[in-house]
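Below is one structure; the comments refer to it alone.
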Amino acid sequence: MRTLDFSPLYRSVVGFDRLAGLLETAAADAASGYPPYNIERTGENAYRIEIAVAGFRADELAIEVKENLLTVQGRKTANEEARSFLHRGLAERDFERRFQLADYVVVSEAALADGLLSVTLRRELPEALKPRQIQITTGVSSTLIEGEQAA
C-alpha cells in the first residue's frame, strides 16, 4: 500500500490547504475499493454515480449532502438467521463512500435497481453566473449627446 505525505505542500504554500485536503482524501479513498463505483457524464451539466450495492436494501442505504460533500453509507441490519455458507463471495459489509462535489452541483435523484445505486447529479448555476447577451443598440447614444448639447 502506498501512502503520500502532503506535509511539504502545507509548508510551502499558503491558502491551498483545501486543495491539499482534497488530495489526501482522494489518496485515502483510492486505498479502499469497496464498493466499486462508476462516475458517468450524462450531459453538459449532468452526471451519474453508480455504486454496486449487491445485497443491500433501500432502507439499509443512506445518502447525505452537506456543503459540497456527498456521503453514501450502507449499514447491514443484523441477520438473526443462522446460515451456513459453503462460499461467501458477497461482501455485504458496512461502507461509507464520499464524493467531493463542485460548486453548484446538486443531487437530483437516487434510485436502487438491479444491485446498483444510481445517484443523479446536475450543475445548476445561479442566474447571476450564467453568461448573458447584451443587446447593442445603434443611434440612441448619439441622439442623447445631441439632446444634451442643445439644452
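Residue names in the C-alpha cells use chain letters A, B, ... in the order shown, residue numbers from 1 in each chain, and ligand numbers from 1 in the order shown.
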I'd like the contact shell of Ile51 (chain A) - 9 Å cut-off, only C-alpha atoms, skipping same-chain residues fewer than 5 positions apart - returned as a PyMOL selection string. chain A and resi 35-39+115-119
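Residues surrounding region 89-103 of chain A within 7 Å are Gly55, Asn68, Leu69, Leu70, Thr71, Val72, Gln73, Gly74, Arg75 and Lys76 of chain A [only C-alpha atoms; sequence separation below 4 positions excluded].
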Store the residues of this selection in a file with N, CA and C atoms, as a compact mmCIF listing (two decimals), in the first residue's frame.
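Generated file (again_33.txt):
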```
# COMPACT_ATOMS: atom_id res chain seq x y z
N GLY A 55 -26.92 -6.93 -2.42
CA GLY A 55 -27.27 -7.44 -1.10
C GLY A 55 -27.82 -6.39 -0.16
N ASN A 68 -20.44 20.70 0.23
CA ASN A 68 -20.10 20.14 -1.09
C ASN A 68 -19.64 18.69 -0.97
N LEU A 69 -20.13 17.98 0.02
CA LEU A 69 -19.71 16.60 0.24
C LEU A 69 -20.92 15.67 0.18
N LEU A 70 -20.87 14.74 -0.76
CA LEU A 70 -21.91 13.71 -0.90
C LEU A 70 -21.40 12.47 -0.18
N THR A 71 -22.18 11.97 0.75
CA THR A 71 -21.81 10.77 1.51
C THR A 71 -22.86 9.70 1.28
N VAL A 72 -22.41 8.51 0.87
CA VAL A 72 -23.29 7.37 0.68
C VAL A 72 -22.85 6.31 1.69
N GLN A 73 -23.80 5.86 2.51
CA GLN A 73 -23.50 4.86 3.53
C GLN A 73 -24.37 3.64 3.35
N GLY A 74 -23.80 2.50 3.64
CA GLY A 74 -24.53 1.24 3.66
C GLY A 74 -24.32 0.57 5.00
N ARG A 75 -25.39 0.28 5.71
CA ARG A 75 -25.33 -0.38 7.02
C ARG A 75 -26.23 -1.60 6.97
N LYS A 76 -25.63 -2.78 7.01
CA LYS A 76 -26.40 -4.02 7.00
C LYS A 76 -27.06 -4.22 8.36
```
Residue neighbourhood Leu121 (chain A), 10 Å, only C-alpha atoms, exclusion window fewer than 6 positions, as a list in words: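 Contacts, in chain order: Arg41, Thr42, Asn45, Ala46, Tyr47, Arg48, Ile49, Leu101, Val105, Val106, Val107, Ser108, Glu109 and Ala110 of chain A.
Taking region 31-67 of chain A and asking which residues DSSP calls strand (DSSP E or B) on the backbone, you get Tyr37, Asn38, Ile39, Glu40, Arg41, Thr42, Gly43, Ala46, Tyr47, Arg48, Ile49, Glu50, Ile51, Ala52, Leu61, Ala62, Ile63, Glu64, Val65 and Lys66 of chain A.
Note that the spacing between CA of Tyr104 (chain A) and CA of Pro126 (chain A) amounts to 8.0 Å.
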Min atom-atom distance to Gly21 (chain A) from the set A:Asp5, A:Asp59, A:Glu40, A:Glu67, counting only C-alpha atoms, belongs to A:Asp5
